[in-house]
Structures are given as structure tokens and as C-alpha cells.
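target-v4.pdb (PDB, C-alpha atoms)
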ATOM      1  CA  ARG V  15     124.261  55.840  87.068  1.00  0.00           C
ATOM      2  CA  ILE V  16     121.461  54.988  84.605  1.00  0.00           C
ATOM      3  CA  LEU V  17     119.742  58.354  85.019  1.00  0.00           C
ATOM      4  CA  SER V  18     122.942  60.417  84.838  1.00  0.00           C
ATOM      5  CA  SER V  19     123.899  58.593  81.650  1.00  0.00           C
ATOM      6  CA  LYS V  20     120.512  59.281  80.093  1.00  0.00           C
ATOM      7  CA  LEU V  21     120.674  62.960  81.020  1.00  0.00           C
ATOM      8  CA  GLN V  22     124.156  63.265  79.527  1.00  0.00           C
ATOM      9  CA  ASP V  23     122.924  61.636  76.320  1.00  0.00           C
ATOM     10  CA  LEU V  24     120.134  64.201  76.175  1.00  0.00           C
ATOM     11  CA  VAL V  25     122.585  67.054  76.732  1.00  0.00           C
ATOM     12  CA  ASP V  26     124.780  65.800  73.894  1.00  0.00           C
ATOM     13  CA  ARG V  27     121.787  65.294  71.603  1.00  0.00           C
ATOM     14  CA  GLU V  28     120.068  68.585  72.378  1.00  0.00           C
ATOM     15  CA  TYR V  29     123.320  70.628  72.494  1.00  0.00           C
ATOM     16  CA  THR V  30     122.180  72.351  75.673  1.00  0.00           C
ATOM     17  CA  GLY V  31     125.558  72.171  77.425  1.00  0.00           C
ATOM     18  CA  THR V  32     123.970  71.350  80.795  1.00  0.00           C
ATOM     19  CA  PRO V  33     121.022  69.282  82.068  1.00  0.00           C
ATOM     20  CA  ILE V  34     119.557  72.448  83.618  1.00  0.00           C
ATOM     21  CA  SER V  35     118.664  73.683  80.141  1.00  0.00           C
ATOM     22  CA  LEU V  36     116.888  70.498  79.074  1.00  0.00           C
ATOM     23  CA  PRO V  37     113.137  70.684  78.400  1.00  0.00           C
ATOM     24  CA  GLU V  38     111.116  69.474  81.370  1.00  0.00           C
ATOM     25  CA  SER V  39     109.320  66.801  79.344  1.00  0.00           C
ATOM     26  CA  LEU V  40     112.625  65.201  78.276  1.00  0.00           C
ATOM     27  CA  VAL V  41     113.879  65.042  81.870  1.00  0.00           C
ATOM     28  CA  VAL V  42     110.626  63.455  83.045  1.00  0.00           C
ATOM     29  CA  GLN V  43     110.846  60.874  80.265  1.00  0.00           C
ATOM     30  CA  ALA V  44     114.508  60.148  81.108  1.00  0.00           C
ATOM     31  CA  ILE V  45     113.589  59.504  84.748  1.00  0.00           C
ATOM     32  CA  LYS V  46     110.810  57.120  83.755  1.00  0.00           C
ATOM     33  CA  GLU V  47     113.098  55.285  81.345  1.00  0.00           C
ATOM     34  CA  ALA V  48     115.797  54.999  84.043  1.00  0.00           C
ATOM     35  CA  PHE V  49     113.361  53.304  86.432  1.00  0.00           C
ATOM     36  CA  ILE V  50     112.206  50.939  83.697  1.00  0.00           C
ATOM     37  CA  GLU V  51     115.773  50.094  82.668  1.00  0.00           C
ATOM     38  CA  ALA V  52     116.718  49.424  86.289  1.00  0.00           C
ATOM     39  CA  ASP V  53     113.773  47.032  86.445  1.00  0.00           C
ATOM     40  CA  GLU V  54     114.623  45.280  83.179  1.00  0.00           C
ATOM     41  CA  THR V  55     118.240  44.760  84.269  1.00  0.00           C
ATOM     42  CA  ASP V  56     117.337  43.556  87.772  1.00  0.00           C
ATOM     43  CA  PRO V  57     120.152  41.139  88.739  1.00  0.00           C
ATOM     44  CA  THR V  58     117.641  38.854  90.486  1.00  0.00           C
ATOM     45  CA  ASP V  59     115.679  38.473  87.222  1.00  0.00           C
ATOM     46  CA  GLY V  60     112.605  39.829  88.927  1.00  0.00           C
ATOM     47  CA  VAL V  61     112.579  37.320  91.765  1.00  0.00           C
ATOM     48  CA  GLY V  62     113.330  40.047  94.288  1.00  0.00           C
ATOM     49  CA  GLY V  63     112.255  43.649  94.276  1.00  0.00           C
ATOM     50  CA  SER V  64     112.768  47.099  95.721  1.00  0.00           C
ATOM     51  CA  THR V  65     111.088  50.434  96.029  1.00  0.00           C
ATOM     52  CA  ALA V  66     112.783  53.408  94.376  1.00  0.00           C
ATOM     53  CA  THR V  67     112.470  57.109  95.089  1.00  0.00           C
ATOM     54  CA  VAL V  68     114.395  60.001  93.550  1.00  0.00           C
ATOM     55  CA  CYS V  69     114.705  63.731  94.170  1.00  0.00           C
ATOM     56  CA  LEU V  70     116.610  65.444  91.359  1.00  0.00           C
ATOM     57  CA  GLN V  71     117.381  69.176  91.361  1.00  0.00           C
ATOM     58  CA  LEU V  72     118.148  70.882  88.082  1.00  0.00           C
ATOM     59  CA  GLY V  73     118.360  74.626  88.606  1.00  0.00           C
ATOM     60  CA  HIS V  74     115.114  75.855  90.152  1.00  0.00           C
ATOM     61  CA  LYS V  75     113.263  72.655  89.323  1.00  0.00           C
ATOM     62  CA  LEU V  76     112.888  69.595  91.523  1.00  0.00           C
ATOM     63  CA  TYR V  77     111.951  66.304  89.881  1.00  0.00           C
ATOM     64  CA  MET V  78     110.328  63.952  92.400  1.00  0.00           C
ATOM     65  CA  ALA V  79     109.880  60.354  91.249  1.00  0.00           C
ATOM     66  CA  ASN V  80     108.565  57.383  93.160  1.00  0.00           C
ATOM     67  CA  ALA V  81     107.844  53.703  92.581  1.00  0.00           C
ATOM     68  CA  GLY V  82     106.652  51.818  95.647  1.00  0.00           C
ATOM     69  CA  ASP V  83     105.895  52.771  99.209  1.00  0.00           C
ATOM     70  CA  SER V  84     109.066  54.640 100.053  1.00  0.00           C
ATOM     71  CA  LEU V  85     108.639  58.407  99.976  1.00  0.00           C
ATOM     72  CA  SER V  86     110.466  61.587  99.087  1.00  0.00           C
ATOM     73  CA  PHE V  87     109.182  64.783 100.642  1.00  0.00           C
ATOM     74  CA  LEU V  88     110.082  68.441 101.035  1.00  0.00           C
ATOM     75  CA  ALA V  89     110.068  70.680 104.062  1.00  0.00           C
ATOM     76  CA  MET V  90     110.659  74.426 104.231  1.00  0.00           C
ATOM     77  CA  VAL V  91     111.968  76.462 107.140  1.00  0.00           C
ATOM     78  CA  VAL V  92     109.994  79.703 107.109  1.00  0.00           C
ATOM     79  CA  ASP V  93     110.440  82.220 109.917  1.00  0.00           C
ATOM     80  CA  GLU V  94     112.110  79.480 111.984  1.00  0.00           C
ATOM     81  CA  LYS V  95     109.099  77.169 111.555  1.00  0.00           C
ATOM     82  CA  VAL V  96     109.352  73.868 109.672  1.00  0.00           C
ATOM     83  CA  GLN V  97     106.542  73.194 107.204  1.00  0.00           C
ATOM     84  CA  LEU V  98     105.966  70.030 105.178  1.00  0.00           C
ATOM     85  CA  VAL V  99     105.119  71.280 101.685  1.00  0.00           C
ATOM     86  CA  TYR V 100     105.157  68.204  99.435  1.00  0.00           C
ATOM     87  CA  SER V 101     105.281  64.424  99.472  1.00  0.00           C
ATOM     88  CA  THR V 102     105.329  61.773  96.779  1.00  0.00           C
ATOM     89  CA  ARG V 103     102.534  59.234  96.765  1.00  0.00           C
ATOM     90  CA  GLU V 104     102.769  55.802  98.308  1.00  0.00           C
ATOM     91  CA  ASP V 105     101.951  53.383  95.507  1.00  0.00           C
ATOM     92  CA  LYS V 106      99.521  51.042  97.223  1.00  0.00           C
ATOM     93  CA  PRO V 107      97.518  48.348  95.393  1.00  0.00           C
ATOM     94  CA  ASP V 108      94.189  49.498  96.827  1.00  0.00           C
ATOM     95  CA  LEU V 109      94.385  52.899  95.129  1.00  0.00           C
ATOM     96  CA  PRO V 110      91.636  52.900  92.464  1.00  0.00           C
ATOM     97  CA  ASP V 111      93.910  53.481  89.465  1.00  0.00           C
ATOM     98  CA  GLU V 112      96.493  50.972  90.676  1.00  0.00           C
ATOM     99  CA  ARG V 113      93.915  48.317  91.510  1.00  0.00           C
ATOM    100  CA  GLN V 114      92.320  48.693  88.094  1.00  0.00           C
ATOM    101  CA  ARG V 115      95.630  48.243  86.275  1.00  0.00           C
ATOM    102  CA  ILE V 116      96.583  45.179  88.341  1.00  0.00           C
ATOM    103  CA  THR V 117      93.228  43.415  87.949  1.00  0.00           C
ATOM    104  CA  GLU V 118      93.039  44.193  84.223  1.00  0.00           C
ATOM    105  CA  ALA V 119      96.501  42.614  83.827  1.00  0.00           C
ATOM    106  CA  GLY V 120      95.307  39.422  85.499  1.00  0.00           C
ATOM    107  CA  GLY V 121      96.480  40.063  89.057  1.00  0.00           C
ATOM    108  CA  TYR V 122      94.423  40.168  92.219  1.00  0.00           C
ATOM    109  CA  VAL V 123      94.232  42.811  94.942  1.00  0.00           C
ATOM    110  CA  HIS V 124      93.205  41.745  98.426  1.00  0.00           C
ATOM    111  CA  ILE V 125      91.932  44.486 100.715  1.00  0.00           C
ATOM    112  CA  PRO V 126      91.759  43.121 104.267  1.00  0.00           C
ATOM    113  CA  ALA V 127      89.017  43.936 106.732  1.00  0.00           C
ATOM    114  CA  PRO V 128      90.033  46.365 109.498  1.00  0.00           C
ATOM    115  CA  HIS V 129      90.086  43.626 112.130  1.00  0.00           C
ATOM    116  CA  GLU V 130      92.573  41.523 110.143  1.00  0.00           C
ATOM    117  CA  GLY V 131      95.459  43.828 111.026  1.00  0.00           C
ATOM    118  CA  ASN V 132      97.008  43.526 107.577  1.00  0.00           C
ATOM    119  CA  VAL V 133      97.607  45.766 104.557  1.00  0.00           C
ATOM    120  CA  PRO V 134      96.280  45.603 100.982  1.00  0.00           C
ATOM    121  CA  ARG V 135      98.385  43.375  98.750  1.00  0.00           C
ATOM    122  CA  ALA V 136      98.717  42.642  95.043  1.00  0.00           C
ATOM    123  CA  TYR V 137      98.923  38.923  94.216  1.00  0.00           C
ATOM    124  CA  TYR V 138     100.313  37.042  91.270  1.00  0.00           C
ATOM    125  CA  ILE V 139      97.776  34.540  89.944  1.00  0.00           C
ATOM    126  CA  ASP V 140      99.409  31.301  88.820  1.00  0.00           C
ATOM    127  CA  ASP V 141      98.322  29.043  85.942  1.00  0.00           C
ATOM    128  CA  GLU V 142      95.904  27.212  88.233  1.00  0.00           C
ATOM    129  CA  GLY V 143      94.225  30.441  89.325  1.00  0.00           C
ATOM    130  CA  ARG V 144      95.746  30.520  92.794  1.00  0.00           C
ATOM    131  CA  PRO V 145      97.059  33.764  94.325  1.00  0.00           C
ATOM    132  CA  ARG V 146     100.801  33.877  95.024  1.00  0.00           C
ATOM    133  CA  PHE V 147     103.472  36.358  96.090  1.00  0.00           C
ATOM    134  CA  GLY V 148     101.497  39.027  97.955  1.00  0.00           C
ATOM    135  CA  LEU V 149     103.095  42.447  97.431  1.00  0.00           C
ATOM    136  CA  ALA V 150     102.179  45.476  99.562  1.00  0.00           C
ATOM    137  CA  MET V 151     102.851  47.955  96.756  1.00  0.00           C
ATOM    138  CA  SER V 152     101.677  48.480  93.196  1.00  0.00           C
ATOM    139  CA  ARG V 153     104.916  49.751  91.629  1.00  0.00           C
ATOM    140  CA  THR V 154     108.392  48.393  92.187  1.00  0.00           C
ATOM    141  CA  ILE V 155     111.776  47.629  90.670  1.00  0.00           C
ATOM    142  CA  GLY V 156     111.685  43.849  90.199  1.00  0.00           C
ATOM    143  CA  ASP V 157     108.913  41.503  91.379  1.00  0.00           C
ATOM    144  CA  TRP V 158     108.139  40.690  87.764  1.00  0.00           C
ATOM    145  CA  LYS V 159     105.617  37.927  88.396  1.00  0.00           C
ATOM    146  CA  VAL V 160     102.909  40.060  89.977  1.00  0.00           C
ATOM    147  CA  GLN V 161     100.685  41.021  87.064  1.00  0.00           C
ATOM    148  CA  GLY V 162     100.075  44.738  86.658  1.00  0.00           C
ATOM    149  CA  VAL V 163     102.823  45.827  89.048  1.00  0.00           C
ATOM    150  CA  ILE V 164     105.034  48.208  87.068  1.00  0.00           C
ATOM    151  CA  ALA V 165     108.308  50.071  87.499  1.00  0.00           C
ATOM    152  CA  GLU V 166     107.344  53.311  85.769  1.00  0.00           C
ATOM    153  CA  PRO V 167     107.211  56.054  88.410  1.00  0.00           C
ATOM    154  CA  ILE V 168     104.920  58.990  88.877  1.00  0.00           C
ATOM    155  CA  VAL V 169     107.087  62.089  88.353  1.00  0.00           C
ATOM    156  CA  ASP V 170     106.132  65.455  89.827  1.00  0.00           C
ATOM    157  CA  VAL V 171     107.988  68.633  88.890  1.00  0.00           C
ATOM    158  CA  LEU V 172     108.202  71.396  91.476  1.00  0.00           C
ATOM    159  CA  ASN V 173     109.551  74.902  90.994  1.00  0.00           C
ATOM    160  CA  ILE V 174     111.625  76.110  93.937  1.00  0.00           C
ATOM    161  CA  ALA V 175     110.949  79.783  93.180  1.00  0.00           C
ATOM    162  CA  THR V 176     107.198  79.102  93.182  1.00  0.00           C
ATOM    163  CA  LEU V 177     107.439  77.239  96.490  1.00  0.00           C
ATOM    164  CA  VAL V 178     109.320  80.171  98.029  1.00  0.00           C
ATOM    165  CA  ASP V 179     106.780  82.706  96.715  1.00  0.00           C
ATOM    166  CA  GLN V 180     103.921  80.629  98.101  1.00  0.00           C
ATOM    167  CA  ALA V 181     105.647  80.395 101.481  1.00  0.00           C
ATOM    168  CA  ILE V 182     106.110  84.177 101.603  1.00  0.00           C
ATOM    169  CA  ASP V 183     102.465  84.806 100.697  1.00  0.00           C
ATOM    170  CA  LYS V 184     101.304  82.307 103.307  1.00  0.00           C
ATOM    171  CA  HIS V 185     103.495  83.953 105.951  1.00  0.00           C
ATOM    172  CA  VAL V 186     101.976  87.388 105.250  1.00  0.00           C
ATOM    173  CA  GLU V 187      98.427  85.986 105.253  1.00  0.00           C
ATOM    174  CA  GLU V 188      98.983  84.241 108.592  1.00  0.00           C
ATOM    175  CA  CYS V 189     100.521  87.381 110.040  1.00  0.00           C
ATOM    176  CA  ARG V 190      97.538  89.477 108.962  1.00  0.00           C
ATOM    177  CA  ALA V 191      95.055  86.934 110.298  1.00  0.00           C
ATOM    178  CA  LYS V 192      96.870  86.917 113.638  1.00  0.00           C
ATOM    179  CA  GLN V 193      96.873  90.703 113.817  1.00  0.00           C
ATOM    180  CA  MET V 194      93.218  90.836 112.853  1.00  0.00           C
ATOM    181  CA  SER V 195      92.353  88.457 115.663  1.00  0.00           C
ATOM    182  CA  GLN V 196      94.432  90.456 118.130  1.00  0.00           C
ATOM    183  CA  SER V 197      92.878  93.732 117.011  1.00  0.00           C
ATOM    184  CA  ILE V 198      89.359  92.383 117.448  1.00  0.00           C
ATOM    185  CA  ARG V 199      90.215  91.212 120.931  1.00  0.00           C
ATOM    186  CA  ASN V 200      91.583  94.667 121.745  1.00  0.00           C
ATOM    187  CA  TYR V 201      88.683  96.500 120.055  1.00  0.00           C
ATOM    188  CA  TYR V 202      90.992  98.301 117.645  1.00  0.00           C
ATOM    189  CA  PRO V 203      90.779  98.580 113.877  1.00  0.00           C
ATOM    190  CA  TYR V 204      93.191  96.081 112.420  1.00  0.00           C
ATOM    191  CA  TYR V 205      93.868  97.464 108.956  1.00  0.00           C
ATOM    192  CA  HIS V 206      96.535  99.959 110.078  1.00  0.00           C
ATOM    193  CA  ARG V 207      98.565  97.103 111.561  1.00  0.00           C
ATOM    194  CA  TYR V 208      99.060  95.358 108.219  1.00  0.00           C
ATOM    195  CA  TYR V 209     102.204  97.375 107.696  1.00  0.00           C
ATOM    196  CA  ASP V 210     103.857  95.159 110.322  1.00  0.00           C
ATOM    197  CA  CYS V 211     103.475  92.127 108.072  1.00  0.00           C
ATOM    198  CA  GLN V 212     106.464  92.500 105.821  1.00  0.00           C
ATOM    199  CA  PRO V 213     107.349  89.830 103.264  1.00  0.00           C
ATOM    200  CA  LEU V 214     110.217  87.595 104.249  1.00  0.00           C
ATOM    201  CA  ASP V 215     113.584  87.762 102.550  1.00  0.00           C
ATOM    202  CA  PRO V 216     113.543  84.818 100.095  1.00  0.00           C
ATOM    203  CA  SER V 217     117.143  84.004 100.989  1.00  0.00           C
ATOM    204  CA  SER V 218     116.052  83.333 104.587  1.00  0.00           C
ATOM    205  CA  ILE V 219     113.844  80.409 103.499  1.00  0.00           C
ATOM    206  CA  GLN V 220     115.530  77.020 103.572  1.00  0.00           C
ATOM    207  CA  ILE V 221     114.441  73.770 101.932  1.00  0.00           C
ATOM    208  CA  VAL V 222     115.334  70.204 102.832  1.00  0.00           C
ATOM    209  CA  ALA V 223     114.504  67.130 100.737  1.00  0.00           C
ATOM    210  CA  ILE V 224     114.172  63.782 102.500  1.00  0.00           C
ATOM    211  CA  SER V 225     113.812  60.237 101.189  1.00  0.00           C
ATOM    212  CA  ALA V 226     112.711  57.497 103.558  1.00  0.00           C
ATOM    213  CA  SER V 227     111.404  53.944 103.394  1.00  0.00           C
ATOM    214  CA  ASP V 228     108.047  52.848 104.757  1.00  0.00           C
ATOM    215  CA  GLY V 229     109.962  51.262 107.632  1.00  0.00           C
ATOM    216  CA  MET V 230     110.325  54.812 108.903  1.00  0.00           C
ATOM    217  CA  THR V 231     107.241  56.620 107.588  1.00  0.00           C
ATOM    218  CA  ASP V 232     104.868  53.912 108.844  1.00  0.00           C
ATOM    219  CA  PHE V 233     105.979  54.719 112.413  1.00  0.00           C
ATOM    220  CA  LEU V 234     107.086  58.346 112.340  1.00  0.00           C
ATOM    221  CA  ARG V 235     105.079  61.241 110.943  1.00  0.00           C
ATOM    222  CA  LYS V 236     106.637  63.043 107.989  1.00  0.00           C
ATOM    223  CA  GLU V 237     106.281  66.315 109.893  1.00  0.00           C
ATOM    224  CA  TYR V 238     108.378  64.924 112.749  1.00  0.00           C
ATOM    225  CA  ILE V 239     111.042  63.591 110.385  1.00  0.00           C
ATOM    226  CA  SER V 240     111.130  66.955 108.613  1.00  0.00           C
ATOM    227  CA  GLN V 241     111.534  68.829 111.896  1.00  0.00           C
ATOM    228  CA  GLU V 242     114.425  66.624 113.027  1.00  0.00           C
ATOM    229  CA  MET V 243     116.300  66.796 109.735  1.00  0.00           C
ATOM    230  CA  ALA V 244     115.722  70.526 109.220  1.00  0.00           C
ATOM    231  CA  GLU V 245     117.152  71.250 112.664  1.00  0.00           C
ATOM    232  CA  ALA V 246     120.150  69.059 111.884  1.00  0.00           C
ATOM    233  CA  PHE V 247     120.881  70.811 108.606  1.00  0.00           C
ATOM    234  CA  PHE V 248     120.137  74.408 109.499  1.00  0.00           C
ATOM    235  CA  GLN V 249     120.522  74.983 113.239  1.00  0.00           C
ATOM    236  CA  ARG V 250     124.031  75.803 114.399  1.00  0.00           C
ATOM    237  CA  ASP V 251     123.636  73.812 117.598  1.00  0.00           C
ATOM    238  CA  GLY V 252     121.709  70.958 115.932  1.00  0.00           C
ATOM    239  CA  HIS V 253     122.899  67.390 115.595  1.00  0.00           C
ATOM    240  CA  HIS V 254     124.940  66.361 112.578  1.00  0.00           C
ATOM    241  CA  PRO V 255     122.522  65.116 109.866  1.00  0.00           C
ATOM    242  CA  PHE V 256     123.994  61.604 110.122  1.00  0.00           C
ATOM    243  CA  VAL V 257     123.291  61.592 113.857  1.00  0.00           C
ATOM    244  CA  ALA V 258     119.754  62.879 113.329  1.00  0.00           C
ATOM    245  CA  ALA V 259     119.087  60.213 110.681  1.00  0.00           C
ATOM    246  CA  GLU V 260     120.432  57.509 112.982  1.00  0.00           C
ATOM    247  CA  HIS V 261     118.163  58.770 115.772  1.00  0.00           C
ATOM    248  CA  LEU V 262     115.141  58.531 113.470  1.00  0.00           C
ATOM    249  CA  ILE V 263     116.074  55.005 112.375  1.00  0.00           C
ATOM    250  CA  ILE V 264     116.445  53.855 115.982  1.00  0.00           C
ATOM    251  CA  LYS V 265     113.150  55.478 116.984  1.00  0.00           C
ATOM    252  CA  ALA V 266     111.290  53.845 114.089  1.00  0.00           C
ATOM    253  CA  ALA V 267     112.890  50.478 114.919  1.00  0.00           C
ATOM    254  CA  GLU V 268     111.702  50.782 118.524  1.00  0.00           C
ATOM    255  CA  PHE V 269     108.134  51.264 117.324  1.00  0.00           C
ATOM    256  CA  TRP V 270     108.584  48.334 114.952  1.00  0.00           C
ATOM    257  CA  ASP V 271     109.701  46.096 117.826  1.00  0.00           C
ATOM    258  CA  THR V 272     106.684  46.981 119.927  1.00  0.00           C
ATOM    259  CA  GLU V 273     104.145  46.438 117.146  1.00  0.00           C
TER     260      GLU V 273
END
Using C-alpha cells, write down the structure that the file contains.
Amino acid sequence: RILSSKLQDLVDREYTGTPISLPESLVVQAIKEAFIEADETDPTDGVGGSTATVCLQLGHKLYMANAGDSLSFLAMVVDEKVQLVYSTREDKPDLPDERQRITEAGGYVHIPAPHEGNVPRAYYIDDEGRPRFGLAMSRTIGDWKVQGVIAEPIVDVLNIATLVDQAIDKHVEECRAKQMSQSIRNYYPYYHRYYDCQPLDPSSIQIVAISASDGMTDFLRKEYISQEMAEAFFQRDGHHPFVAAEHLIIKAAEFWDTE
């Protein structure tokens, strides 16, 4: 609701008629402001907190925004093969830029030794200098007390047409490499076989965007999640996407229980 309102305000102000026509920089700024406003109006007054991840499509552009350790990622189905092509970053407090911001703001980042079986956490330092409220992420909506933890997301802008072109080029390159290898094994010149490597029809390439919490991505690989959801969306005999998502949740929960 916050983001859609901000985009509509921009459309009215810029007289573009549609968000698709808005300058990229204004959309990026609107997304950042929406995250910050959601944080500032947190109904728990910052006592609680949440990750936030957004995938927004405007025309051929995809705006991927993330605050916290949930993820949004993209997979493409190219020649019936599912490929993971992009993922947002997990905002963890041990990342150099995040750790620097937190410590400079007066917080503390604890990075556990491997044998401790724990994860890096950002801590609020109270007035007596004691660490409190360990948080396993460096950006979040809410959790106001932890110094240096912010709501502003990192926003990446992807062009769908560029992704499709790159997938087509990669397909041709892999085809040629495969034919070259086969030709060498058969002791035949390979260059005349390149004509078999025709570019794919762009309309045959399919893209699926997925958002998932760390409760899933900590236990299931993004490639596996992408495969399951792509089959659900694009295969005629695949499961309904709701069923596929439920299967992934149950599978991740089973791993959680055994940890």
C-alpha cells in the first residue's frame, strides 16, 4: 500500500500516465522511502521487527529490494532447463559494510567461532555498555534499538530483455562448446556444425520470481526451490503453485526439526 501510493504520487507529479514510464531513479527512491516509512510507522514502535523483500515489475524492468535475510530471486526456463539467474543479498551483520555501519553507530557485532554453532548477530549496547537484543540481520523493518540496523533496502534493477538476450547467448555458447567437444572426440572439424546451434525463440524463455524467508533458504538450495516452482508454473502436468509452495515449506520444516 505504501509503495503503490508513492508510485501513484510520482505518476501524478511527473504526468507520465503510468508507473512504467517513470524514471528508474525515482522508482528506486520510492521503494527505499516505502521501506523507511514502513519502519517509522511500525505498530510495535520498534520493539518487534521483520524482514522485507520486494519484486516489482514495471514493463521490462524488475526492481528487486531487500532488507534482512529473506530473499527474492529469479529463475529462467531455457530450453526446458531451469537456471537461477539472480538473487538479492542476505543482509548479515558480519558483511564488512554492514559491520562497519553498525559499529560506527555504537552497536556491536559478534561473529561466533565455527564450533559455537551460532550465527553472527548485531547487538544493541545499553547505557551501561552491555550487549542486548542480538539480531541475526543488519537491515530490518522495526528493531529500532539495535544501533546501526537500518530499514533502507538495497535495490537492484534488472532488465528482462537483457536477461533473455544473455540466456540466448549462453545457450548458443554451450551448444557450440558441446559440439566442439563431440567433434574432437569423433576426429571431425567442428566449425561446420555451428549451424545447428540456432538462437532460441525469446518467447520460449520463461521467468519466475520467488520470495522466501531464511526459514526456507537456510535449508533448501535456491536452485531446488526454483526448479520446483518453475515446474509448478510452467509444466502442464506440474503441481499447482500453491501445492508446490506447501511442499517446500513442509520440506524445510522437516529439516528444521532435525537440526
Task: Interatomic distance (Å, one decimal) between CA of Phe269 (chain V) and CA of Arg135 (chain V) - done: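 Separation of CA of Phe269 (chain V) and CA of Arg135 (chain V): 22.4 Å.
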Report as a PDB file with C-alpha atoms, in the coordinates of the input the residues that result from applying the PyMOL selection byres ((chain V and resi 88-93) around 6) to the structure here.
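Result file out01.pdb:
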ATOM      1  CA  PHE V  87     109.182  64.783 100.642  1.00  0.00           C
ATOM      2  CA  GLU V  94     112.110  79.480 111.984  1.00  0.00           C
ATOM      3  CA  LYS V  95     109.099  77.169 111.555  1.00  0.00           C
ATOM      4  CA  VAL V  96     109.352  73.868 109.672  1.00  0.00           C
ATOM      5  CA  GLN V  97     106.542  73.194 107.204  1.00  0.00           C
ATOM      6  CA  LEU V  98     105.966  70.030 105.178  1.00  0.00           C
ATOM      7  CA  VAL V  99     105.119  71.280 101.685  1.00  0.00           C
ATOM      8  CA  TYR V 100     105.157  68.204  99.435  1.00  0.00           C
ATOM      9  CA  ILE V 219     113.844  80.409 103.499  1.00  0.00           C
ATOM     10  CA  GLN V 220     115.530  77.020 103.572  1.00  0.00           C
ATOM     11  CA  ILE V 221     114.441  73.770 101.932  1.00  0.00           C
ATOM     12  CA  VAL V 222     115.334  70.204 102.832  1.00  0.00           C
ATOM     13  CA  ALA V 223     114.504  67.130 100.737  1.00  0.00           C
ATOM     14  CA  SER V 240     111.130  66.955 108.613  1.00  0.00           C
TER      15      SER V 240
END
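With all atoms listed in the file as the atoms that count, the minimum distance from Asp157 (chain V) to the choices V:Phe247, V:Tyr238, V:Tyr138, V:Tyr29 is reached by V:Tyr138.
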TODO: Determine the residue membership of the PyMOL selection byres ((chain V and resi 105) around 8) for the file above and supply it as a list in words.
DONE: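 Evaluating the PyMOL selection byres ((chain V and resi 105) around 8) on these coordinates yields Ala81, Gly82, Asp83, Arg103, Glu104, Lys106, Pro107, Leu109, Glu112, Met151, Ser152 and Arg153 of chain V.
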- [ ] Have a look at CA of Arg113 (chain V) and CA of Ile164 (chain V) and let me know their distance in Å, one decimal.
- [x] 12.0 Å
TODO: Pick out the residues sitting within 12 Å of region 251-261 of chain V, and hand them over as a ChimeraX atom specification; count all atoms listed in the file, and ignore anything fewer than 3 positions along from it in its own chain.
DONE: /V:222,224-226,230,234,238-248,264-268
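Our summary of the geometry notes that CA of Gly162 (chain V) is positioned 15.0 Å from CA of Glu54 (chain V).
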Open item on the list: Assuming the chain letters and numbering stay as they are in my file, what does the PyMOL selection byres ((chain V and resi 20) around 10) actually select? List them as a ChimeraX atom specification.
Closed with: /V:15-19,21-26,41,43-45,47-48
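Among the candidates V:Leu85, V:Cys69, V:Asp183, V:Pro33, the one nearest to Leu214 (chain V) when counting only C-alpha atoms is V:Asp183.
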Give, as lines of an AutoDock Vina configuration file, the centre coordinates and the x, y and z edge lengths in Å to one decimal for an axis-aligned box around all listed atoms of region 35-49 of chain V, padded by 5 Å on each side.
center_x = 114.0
center_y = 63.5
center_z = 82.4
size_x = 19.3
size_y = 30.4
size_z = 18.2
Task: Residues near region 77-79 of chain V, cut-off 10 Å, all atoms listed in the file, skip fewer than 5 positions along chain, as an NGL selection string - done: :V and (38 or 41-42 or 45-46 or 49 or 66-72 or 85-88 or 100-103 or 166-173 or 223)
Could you tell me, as a PDB file with C-alpha atoms, in the coordinates of the input, which residues have any atom at most 10 Å from (91.2, 35.9, 94.1), counting only C-alpha atoms?
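Printed below is selection_10.pdb as written:
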ATOM      1  CA  THR V 117      93.228  43.415  87.949  1.00  0.00           C
ATOM      2  CA  GLY V 121      96.480  40.063  89.057  1.00  0.00           C
ATOM      3  CA  TYR V 122      94.423  40.168  92.219  1.00  0.00           C
ATOM      4  CA  VAL V 123      94.232  42.811  94.942  1.00  0.00           C
ATOM      5  CA  HIS V 124      93.205  41.745  98.426  1.00  0.00           C
ATOM      6  CA  TYR V 137      98.923  38.923  94.216  1.00  0.00           C
ATOM      7  CA  TYR V 138     100.313  37.042  91.270  1.00  0.00           C
ATOM      8  CA  ILE V 139      97.776  34.540  89.944  1.00  0.00           C
ATOM      9  CA  GLY V 143      94.225  30.441  89.325  1.00  0.00           C
ATOM     10  CA  ARG V 144      95.746  30.520  92.794  1.00  0.00           C
ATOM     11  CA  PRO V 145      97.059  33.764  94.325  1.00  0.00           C
ATOM     12  CA  ARG V 146     100.801  33.877  95.024  1.00  0.00           C
TER      13      ARG V 146
END
